[in-house]
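Below: entry.tsv (TSV, C-alpha atoms)
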chain	number	residue	atom	x	y	z
L	1	MET	CA	-77.19	22.73	20.69
L	2	THR	CA	-74.09	20.64	21.01
L	3	ALA	CA	-74.86	16.99	20.37
L	4	LEU	CA	-72.92	13.77	20.81
L	5	VAL	CA	-73.95	10.77	18.69
L	6	VAL	CA	-72.62	7.48	20.03
L	7	ASN	CA	-72.42	4.31	17.96
L	8	CYS	CA	-72.83	1.84	20.82
L	9	SER	CA	-72.31	-1.10	18.46
L	10	ALA	CA	-68.83	-0.20	17.23
L	11	PRO	CA	-66.89	-1.37	15.30
L	12	HIS	CA	-69.98	-2.19	13.22
L	13	TYR	CA	-71.04	0.53	10.80
L	14	ASN	CA	-74.15	2.22	12.22
L	15	LEU	CA	-76.37	3.64	9.48
L	16	GLY	CA	-78.85	5.05	11.99
L	17	ALA	CA	-76.14	6.95	13.83
L	18	ALA	CA	-74.80	8.38	10.55
L	19	LYS	CA	-78.26	9.54	9.43
L	20	LEU	CA	-79.04	11.03	12.84
L	21	ALA	CA	-75.78	13.00	12.87
L	22	ASP	CA	-76.58	14.50	9.46
L	23	TRP	CA	-80.16	15.28	10.49
L	24	LEU	CA	-78.93	17.11	13.59
L	25	ARG	CA	-76.42	19.08	11.51
L	26	ASP	CA	-79.16	20.03	9.06
L	27	ARG	CA	-81.21	21.54	11.89
L	28	GLY	CA	-78.18	23.58	12.99
L	29	ASP	CA	-76.64	21.57	15.83
L	30	GLU	CA	-72.91	21.17	16.43
L	31	VAL	CA	-72.41	17.40	16.22
L	32	THR	CA	-69.67	15.03	17.37
L	33	VAL	CA	-69.80	11.33	16.47
L	34	VAL	CA	-67.93	8.65	18.42
L	35	ASP	CA	-67.65	4.87	18.16
L	36	GLY	CA	-68.03	3.04	21.47
L	37	ASP	CA	-68.22	4.37	25.01
L	38	PRO	CA	-66.53	7.79	25.15
L	39	GLY	CA	-66.19	7.67	28.93
L	40	LEU	CA	-66.16	11.06	30.63
L	41	MET	CA	-65.89	12.70	27.22
L	42	ALA	CA	-69.68	12.21	26.99
L	43	LEU	CA	-70.11	15.02	29.53
L	44	GLY	CA	-70.44	18.62	28.44
L	45	TYR	CA	-73.00	18.19	25.63
L	46	ASP	CA	-76.56	19.48	25.50
L	47	LEU	CA	-77.75	16.25	23.88
L	48	VAL	CA	-76.37	12.70	23.90
L	49	CYS	CA	-77.81	10.23	21.33
L	50	LEU	CA	-77.26	6.50	21.83
L	51	ALA	CA	-77.64	4.27	18.75
L	52	VAL	CA	-77.75	0.51	19.38
L	53	ILE	CA	-77.77	-2.12	16.62
L	54	PHE	CA	-77.63	-5.32	18.69
L	55	SER	CA	-79.35	-6.03	22.01
L	56	TYR	CA	-76.12	-7.15	23.66
L	57	HIS	CA	-74.74	-3.63	23.21
L	58	ALA	CA	-77.64	-2.13	25.20
L	59	PRO	CA	-75.64	-2.30	28.47
L	60	ILE	CA	-73.06	0.06	26.93
L	61	ALA	CA	-75.83	2.55	26.13
L	62	ARG	CA	-77.25	2.16	29.64
L	63	ASP	CA	-73.91	2.93	31.28
L	64	ILE	CA	-73.49	6.08	29.19
L	65	ALA	CA	-77.07	7.19	29.89
L	66	LEU	CA	-76.67	6.80	33.64
L	67	ARG	CA	-73.46	8.82	33.49
L	68	VAL	CA	-74.89	11.80	31.63
L	69	LYS	CA	-78.65	11.92	32.19
L	70	ASP	CA	-78.44	14.43	35.06
L	71	PHE	CA	-76.52	16.88	32.87
L	72	CYS	CA	-78.15	16.73	29.43
L	73	GLU	CA	-80.98	15.43	27.29
L	74	VAL	CA	-80.62	11.77	26.26
L	75	TRP	CA	-82.06	10.04	23.18
L	76	ALA	CA	-81.79	6.28	22.76
L	77	GLY	CA	-82.95	3.99	19.97
L	78	GLY	CA	-82.04	1.51	17.28
L	79	PRO	CA	-82.97	-2.12	16.56
L	80	GLY	CA	-80.95	-3.29	19.57
L	81	LEU	CA	-83.33	-1.52	21.94
L	82	PHE	CA	-86.54	-2.44	20.11
L	83	ALA	CA	-87.37	-5.43	22.35
L	84	LEU	CA	-85.82	-3.85	25.44
L	85	SER	CA	-87.98	-0.77	25.97
L	86	LYS	CA	-89.28	-1.95	29.36
L	87	TRP	CA	-85.78	-2.97	30.48
L	88	TRP	CA	-84.38	0.37	29.32
L	89	THR	CA	-86.94	2.43	31.23
L	90	GLU	CA	-86.47	0.37	34.39
L	91	GLU	CA	-82.68	0.65	34.19
L	92	THR	CA	-82.37	4.32	33.24
L	93	GLY	CA	-85.70	6.01	33.93
L	94	LEU	CA	-85.55	7.38	30.38
L	95	PRO	CA	-87.79	6.91	27.33
L	96	VAL	CA	-86.63	5.04	24.24
L	97	VAL	CA	-87.52	5.42	20.57
L	98	VAL	CA	-89.24	2.16	19.62
L	99	GLY	CA	-89.05	1.21	15.95
L	100	LEU	CA	-87.82	3.33	13.07
L	101	ASP	CA	-87.27	6.97	13.99
L	102	GLN	CA	-89.31	8.76	11.35
L	103	ARG	CA	-87.47	12.03	12.00
L	104	PHE	CA	-84.37	10.88	10.16
L	105	ASP	CA	-85.05	7.38	8.76
L	106	LYS	CA	-85.22	8.89	5.24
L	107	GLN	CA	-82.40	11.36	5.77
L	108	ARG	CA	-80.61	11.74	2.43
L	109	GLY	CA	-76.86	11.48	2.17
L	110	HIS	CA	-74.02	9.34	0.93
L	111	TYR	CA	-73.66	6.36	3.24
L	112	LYS	CA	-72.09	2.91	3.08
L	113	MET	CA	-75.54	1.32	3.38
L	114	THR	CA	-79.06	2.07	2.22
L	115	PHE	CA	-82.66	0.82	2.35
L	116	ALA	CA	-84.87	1.06	-0.71
L	117	VAL	CA	-87.67	-1.11	0.71
L	118	ARG	CA	-88.64	-1.70	4.33
L	119	GLY	CA	-90.60	-4.66	5.70
L	120	CYS	CA	-90.85	-8.41	5.11
L	121	PRO	CA	-94.03	-10.52	4.83
L	122	VAL	CA	-92.49	-13.84	5.95
L	123	GLY	CA	-92.71	-13.16	9.69
L	124	CYS	CA	-90.04	-15.54	11.02
L	125	SER	CA	-90.46	-15.79	14.79
L	126	PHE	CA	-86.77	-15.21	15.51
L	127	CYS	CA	-86.37	-12.21	13.16
L	128	ILE	CA	-86.69	-8.58	14.21
L	129	VAL	CA	-87.52	-7.22	10.74
L	130	PRO	CA	-91.31	-7.82	10.64
L	131	LYS	CA	-91.59	-6.51	14.20
L	132	LEU	CA	-89.46	-3.45	13.51
L	133	GLU	CA	-90.47	-2.63	9.92
L	134	GLY	CA	-93.80	-4.41	9.46
L	135	LEU	CA	-95.10	-7.27	7.32
L	136	ASP	CA	-95.84	-5.10	4.30
L	137	PHE	CA	-93.23	-3.90	1.85
L	138	LYS	CA	-92.85	-0.10	1.73
L	139	LEU	CA	-90.82	1.47	-1.07
L	140	ASP	CA	-88.83	4.66	-0.54
L	141	PRO	CA	-88.86	6.20	-4.06
L	142	GLY	CA	-86.23	8.75	-3.08
L	143	PHE	CA	-83.67	6.31	-1.67
L	144	VAL	CA	-80.04	7.03	-2.46
L	145	PRO	CA	-78.12	3.98	-3.75
L	146	ALA	CA	-75.14	2.86	-1.66
L	147	PRO	CA	-72.60	0.03	-1.99
L	148	ILE	CA	-74.51	-2.12	0.51
L	149	LEU	CA	-78.24	-2.64	0.02
L	150	CYS	CA	-79.87	-3.75	3.28
L	151	ASP	CA	-83.37	-4.61	2.00
L	152	ASN	CA	-84.79	-7.85	3.36
L	153	ASN	CA	-86.21	-10.61	1.17
L	154	LEU	CA	-85.38	-8.95	-2.14
L	155	SER	CA	-86.80	-11.78	-4.24
L	156	ALA	CA	-90.29	-11.24	-2.74
L	157	VAL	CA	-90.32	-7.49	-3.40
L	158	PRO	CA	-92.76	-6.64	-6.24
L	159	VAL	CA	-90.94	-7.02	-9.55
L	160	PRO	CA	-91.53	-3.39	-10.67
L	161	TRP	CA	-89.90	-2.25	-7.42
L	162	GLN	CA	-86.94	-4.56	-7.97
L	163	GLU	CA	-86.51	-3.13	-11.46
L	164	PHE	CA	-86.76	0.41	-10.08
L	165	ILE	CA	-84.00	-0.29	-7.53
L	166	ILE	CA	-81.73	-1.82	-10.16
L	167	CYS	CA	-82.39	1.13	-12.48
L	168	ARG	CA	-81.41	3.59	-9.73
L	169	TYR	CA	-78.11	1.77	-9.24
L	170	ARG	CA	-77.38	1.85	-12.94
L	171	GLU	CA	-78.31	5.46	-13.55
L	172	THR	CA	-76.27	6.67	-10.57
L	173	GLU	CA	-73.38	4.33	-11.53
L	174	THR	CA	-73.27	3.07	-7.93
L	175	PRO	CA	-71.61	-0.35	-7.56
L	176	LEU	CA	-73.80	-2.84	-5.68
L	177	LEU	CA	-71.10	-4.60	-3.69
L	178	ASP	CA	-73.44	-6.48	-1.38
L	179	ALA	CA	-77.15	-7.21	-0.98
L	180	ASN	CA	-76.61	-7.58	2.74
L	181	SER	CA	-79.88	-9.18	3.85
L	182	GLY	CA	-80.31	-11.20	0.72
L	183	PHE	CA	-82.98	-13.22	-0.98
L	184	GLU	CA	-85.70	-15.66	0.07
L	185	PRO	CA	-85.54	-19.19	-1.45
L	186	LYS	CA	-89.35	-19.54	-1.44
L	187	THR	CA	-89.77	-16.63	-3.84
L	188	PHE	CA	-86.49	-16.93	-5.76
L	189	ASP	CA	-86.86	-17.85	-9.44
L	190	GLY	CA	-85.13	-17.52	-12.78
L	191	GLY	CA	-86.41	-13.97	-13.18
L	192	THR	CA	-84.70	-12.98	-9.92
L	193	VAL	CA	-81.40	-14.26	-11.27
L	194	GLU	CA	-81.76	-12.43	-14.58
L	195	ARG	CA	-82.65	-9.15	-12.89
L	196	TRP	CA	-79.93	-9.05	-10.24
L	197	LYS	CA	-77.05	-10.93	-11.86
L	198	PRO	CA	-75.86	-7.99	-14.03
L	199	VAL	CA	-75.62	-5.57	-11.07
L	200	LEU	CA	-74.82	-7.68	-7.98
L	201	ARG	CA	-71.06	-7.81	-7.51
L	202	GLY	CA	-71.07	-9.43	-4.09
L	203	PRO	CA	-72.30	-12.83	-2.91
L	204	TRP	CA	-75.80	-14.19	-3.28
L	205	ARG	CA	-76.98	-14.25	0.33
L	206	PHE	CA	-79.88	-16.33	1.56
L	207	ALA	CA	-80.79	-18.52	4.54
L	208	PHE	CA	-81.43	-22.19	5.26
L	209	ASP	CA	-82.99	-21.72	8.71
L	210	GLU	CA	-84.86	-25.01	9.12
L	211	ILE	CA	-84.83	-28.43	7.54
L	212	GLY	CA	-88.34	-27.91	6.14
L	213	GLU	CA	-86.86	-25.42	3.64
L	214	HIS	CA	-84.80	-28.17	1.99
L	215	ALA	CA	-86.66	-28.22	-1.34
L	216	GLU	CA	-86.76	-24.42	-1.78
L	217	VAL	CA	-83.06	-23.96	-0.96
L	218	GLU	CA	-82.05	-26.82	-3.27
L	219	ALA	CA	-84.08	-25.28	-6.09
L	220	MET	CA	-82.40	-21.90	-5.54
L	221	MET	CA	-78.97	-23.51	-5.57
L	222	LYS	CA	-79.78	-25.15	-8.90
L	223	LEU	CA	-80.74	-21.78	-10.36
L	224	LEU	CA	-77.34	-20.48	-9.21
L	225	ARG	CA	-75.39	-23.58	-10.30
L	226	ASP	CA	-73.15	-21.54	-12.62
L	227	VAL	CA	-72.17	-19.16	-9.80
L	228	SER	CA	-68.92	-19.78	-7.92
L	229	PRO	CA	-69.44	-21.53	-4.54
L	230	ARG	CA	-67.68	-18.61	-2.84
L	231	ARG	CA	-70.42	-16.31	-4.09
L	232	LYS	CA	-73.24	-18.39	-2.59
L	233	ARG	CA	-73.26	-17.43	1.10
L	234	VAL	CA	-75.94	-19.43	2.91
L	235	TYR	CA	-76.82	-18.54	6.51
L	236	VAL	CA	-77.40	-21.68	8.58
L	237	LEU	CA	-79.22	-20.94	11.82
L	238	ILE	CA	-78.54	-23.33	14.69
L	239	GLY	CA	-80.08	-23.63	18.14
L	240	LEU	CA	-83.72	-23.99	17.11
L	241	GLU	CA	-83.47	-27.54	15.79
L	242	PRO	CA	-81.69	-30.73	16.93
L	243	PHE	CA	-78.02	-31.10	16.05
L	244	GLU	CA	-78.76	-33.66	13.32
L	245	ALA	CA	-81.01	-31.25	11.42
L	246	CYS	CA	-78.55	-28.37	11.74
L	247	TYR	CA	-75.64	-30.53	10.58
L	248	GLU	CA	-77.70	-31.83	7.67
L	249	ARG	CA	-78.45	-28.28	6.52
L	250	ALA	CA	-74.80	-27.20	6.68
L	251	ARG	CA	-73.72	-30.39	4.89
L	252	LYS	CA	-76.30	-29.91	2.15
L	253	VAL	CA	-75.13	-26.36	1.46
L	254	ILE	CA	-71.65	-27.72	0.76
L	255	GLU	CA	-73.05	-30.58	-1.31
L	256	TRP	CA	-74.98	-28.07	-3.42
L	257	ARG	CA	-71.75	-26.10	-4.02
L	258	GLY	CA	-72.30	-23.23	-1.63
L	259	GLU	CA	-70.63	-21.91	1.51
L	260	PRO	CA	-72.45	-22.26	4.85
L	261	PHE	CA	-72.21	-19.47	7.37
L	262	VAL	CA	-73.42	-20.71	10.76
L	263	GLN	CA	-75.30	-18.33	13.06
L	264	ILE	CA	-76.28	-19.25	16.62
L	265	PHE	CA	-79.75	-18.19	17.68
L	266	ARG	CA	-79.90	-15.48	20.33
L	267	PRO	CA	-83.18	-13.93	21.59
L	268	LEU	CA	-83.88	-10.30	20.69
L	269	THR	CA	-83.52	-9.43	24.40
L	270	TRP	CA	-80.09	-11.04	24.87
L	271	LEU	CA	-77.79	-8.71	26.82
L	272	ASP	CA	-74.44	-10.49	27.14
L	273	GLU	CA	-72.28	-10.34	24.01
L	274	LYS	CA	-69.81	-12.94	25.32
L	275	ALA	CA	-72.41	-15.48	26.48
L	276	TRP	CA	-74.81	-17.73	24.60
L	277	PRO	CA	-78.31	-18.96	25.44
L	278	PRO	CA	-78.72	-22.34	27.17
L	279	PRO	CA	-78.79	-25.13	24.55
L	280	ARG	CA	-82.11	-26.62	23.48
L	281	PHE	CA	-83.33	-29.47	21.27
L	282	GLY	CA	-80.73	-31.91	22.55
L	283	TRP	CA	-77.60	-29.84	21.99
L	284	PRO	CA	-75.35	-30.85	24.92
L	285	SER	CA	-73.87	-27.41	25.62
L	286	SER	CA	-73.42	-23.86	24.38
L	287	GLN	CA	-69.75	-24.67	23.85
L	288	ILE	CA	-70.66	-27.41	21.38
L	289	GLN	CA	-72.69	-24.86	19.41
L	290	ARG	CA	-69.69	-22.52	19.36
L	291	ASP	CA	-67.43	-25.38	18.21
L	292	PHE	CA	-69.88	-26.16	15.43
L	293	GLN	CA	-69.93	-22.52	14.34
L	294	ARG	CA	-66.13	-22.26	14.33
L	295	TYR	CA	-65.77	-25.45	12.29
L	296	PHE	CA	-67.84	-24.02	9.46
L	297	ASN	CA	-67.05	-20.30	9.70
L	298	SER	CA	-63.48	-19.70	10.80
L	299	PRO	CA	-61.31	-20.61	9.05
L	300	GLN	CA	-63.70	-22.90	7.13
L	301	LEU	CA	-62.15	-26.07	8.48
L	302	TRP	CA	-64.76	-28.12	6.63
L	303	ARG	CA	-62.59	-27.67	3.55
L	304	THR	CA	-59.67	-29.63	5.00
L	305	ILE	CA	-60.83	-31.88	7.84
L	306	PRO	CA	-63.91	-34.04	8.53
L	307	ILE	CA	-66.07	-32.80	11.39
L	308	THR	CA	-65.49	-36.14	13.16
L	309	GLU	CA	-61.77	-35.27	13.43
L	310	TYR	CA	-62.21	-31.62	14.40
L	311	LYS	CA	-60.49	-31.02	17.75
L	312	PRO	CA	-60.90	-27.42	18.99
L	313	ARG	CA	-59.17	-28.06	22.33
L	314	LYS	CA	-55.87	-29.88	22.65
L	315	TYR	CA	-56.61	-31.95	25.75
L	316	GLU	CA	-60.20	-32.91	24.91
L	317	PRO	CA	-61.48	-35.52	22.47
L	318	PRO	CA	-63.09	-34.38	19.19
L	319	PRO	CA	-66.58	-33.19	20.19
L	320	PHE	CA	-68.22	-34.52	17.02
L	321	ALA	CA	-66.42	-37.87	16.85
L	322	LYS	CA	-69.70	-39.80	16.90
L	323	VAL	CA	-71.23	-37.91	13.99
L	324	ALA	CA	-71.82	-40.19	10.99
L	325	ALA	CA	-69.43	-39.49	8.16
Starting from the file, give its structure as structure tokens.
Amino acid sequence: MTALVVNCSAPHYNLGAAKLADWLRDRGDEVTVVDGDPGLMALGYDLVCLAVIFSYHAPIARDIALRVKDFCEVWAGGPGLFALSKWWTEETGLPVVVGLDQRFDKQRGHYKMTFAVRGCPVGCSFCIVPKLEGLDFKLDPGFVPAPILCDNNLSAVPVPWQEFIICRYRETETPLLDANSGFEPKTFDGGTVERWKPVLRGPWRFAFDEIGEHAEVEAMMKLLRDVSPRRKRVYVLIGLEPFEACYERARKVIEWRGEPFVQIFRPLTWLDEKAWPPPRFGWPSSQIQRDFQRYFNSPQLWRTIPITEYKPRKYEPPPFAKVAA
């Protein structure tokens, strides 16, 4: 067969699409891989595979599917379609692979990213991981180390498994440039630091999602007090708490000598990449949430100007002028 694998979430690297392409080649297919909508170039293949990382890229996959479904077989899947299976079937009349595709999830190869352990027992309501991968940790003993390790909640993974992963990186001499999904403050301790510090070259990533995690995050920051602030990347979720709580969390990260990275909550079924959900918990507008995110993320204006003086639009007053210093 001739097969076209489409990364519908370009320019993001799509590990699933890369594994699928290799799996198809191993079974003897002639495979072409493209990033983004290929337009009419999608026609002429026996099989078109649509890989979606984020839900707001599902419309791209839908448009391609509607264009080619009368001429070839269509496969669609990925985390971006996990919560959209009903929508997908109604829109395209086609089935969707829900969850991890066991045909090629453990496809071996040399990729930019890898998973050694799937699952996460925390079960955060806004997170897709426990829904997609389950609440129990599952080790893949044959995983191939890659520069980016995507395992979730590394600090809660059984210690022997953590040591096994670190050993695999050392024995293959693979640089661990980033533990992409990071650590969990509730389970982070001195042993976690000692295990991962010698091999982790990238930032220590973890989240401060709600104000109730204050004590755990502060304790983790103290354990990492000797680490450069630039190497402590703390995800600050906004949109699920009042402004005051979100601002307090971002401010505390800076106070504890870390760098906040603000993320705005979007439901797992969100379809519009350029739009944001209606504000809740007293936030006055979606634009204010975007202003808040820009102040902390790009280009880290918190380093040079107080939030009360931040003025994102020339002819409007500072949106956070009433925030207490």
- Neighbour list for L:Tyr13 as a VMD selection string, cut-off 12 Å, only C-alpha atoms, skip fewer than 2 positions in-chain: chain L and resid 6 to 11 15 to 19 34 to 36 51 to 54 111 to 114 148
- Item | Separation of atom CA of L:Val98 from atom CA of L:Asp26 in Å |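 The value is 23.1 Å.
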- Task: Skip stretch 186-202 of chain L itself and residues of its chain fewer than 2 positions away, then list as a list in words all residues within 8 Å of it, counting only C-alpha atoms.
- Result: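 Non-adjacent residues within range: Ser155, Ala156, Gln162, Glu163, Ile166, Tyr169, Arg170, Pro175, Leu176, Leu177, Asp178, Ala179, Phe183, Glu184, Trp204, Glu216, Val217, Met220, Leu223, Leu224 and Arg231 of chain L.
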- Query: L:Lys314, L:His57, L:Lys274, L:Arg303: which is nearest L:Leu84, counting all atoms listed in the file?
  - Reply: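 Distance minimum relative to L:Leu84 lands on L:His57.
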- Message: Could you tell me how far atom CA of L:Ala275 sits from atom CA of L:Tyr56, in Å to one decimal place?
- Response: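 Spanning atom CA of L:Tyr56 to atom CA of L:Ala275 is a straight-line distance of 9.5 Å.
Atom CA of L:Phe82 to atom CA of L:Asp209 spans 22.7 Å [interatomic distance, one decimal].
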- Task: With a distance cut-off of 10 Å and only C-alpha atoms, select the neighbouring residues of stretch 281-291 of chain L, excluding the residue or stretch itself and same-chain residues fewer than 2 positions from it, and output the selection as a PyMOL selection string.
- Result: chain L and resi 238-244+262-265+275-279+293-297+310-313+319-320
- Message: as a count of residues only, please: the residues near stretch 99-109 of chain L (cut-off 8 Å, all atoms listed in the file, same-chain neighbours under 4 positions excluded).
- Response: 13
Residues of stretch 217-249 of chain L within 10 Å of stretch 253-259 of chain L: nearest atom pair and distance (Å, one decimal) for each, counting all atoms listed in the file, sorted by chain and number, as CSV?
residue,atom,partner,partner_atom,distance
L:Val217,CA,L:Val253,CA,8.6
L:Glu218,CA,L:Trp256,CA,7.2
L:Ala219,CA,L:Trp256,CA,9.9
L:Met220,CA,L:Trp256,CA,9.9
L:Met221,CA,L:Trp256,CA,6.4
L:Lys222,CA,L:Trp256,CA,7.8
L:Leu224,CA,L:Arg257,CA,9.5
L:Arg225,CA,L:Arg257,CA,7.7
L:Asp226,CA,L:Arg257,CA,9.8
L:Val227,CA,L:Arg257,CA,9.0
L:Ser228,CA,L:Gly258,CA,7.9
L:Pro229,CA,L:Gly258,CA,4.4
L:Arg230,CA,L:Glu259,CA,6.2
L:Arg231,CA,L:Gly258,CA,7.6
L:Lys232,CA,L:Gly258,CA,5.0
L:Arg233,CA,L:Glu259,CA,5.2
L:Val234,CA,L:Glu259,CA,6.0
L:Tyr235,CA,L:Glu259,CA,8.6
L:Val236,CA,L:Val253,CA,8.8
L:Glu248,CA,L:Val253,CA,8.7
L:Arg249,CA,L:Val253,CA,6.3
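Closest approach to L:Thr32 among L:Val117, L:Val323, L:Val5, L:Leu271: L:Val5, based on only C-alpha atoms.
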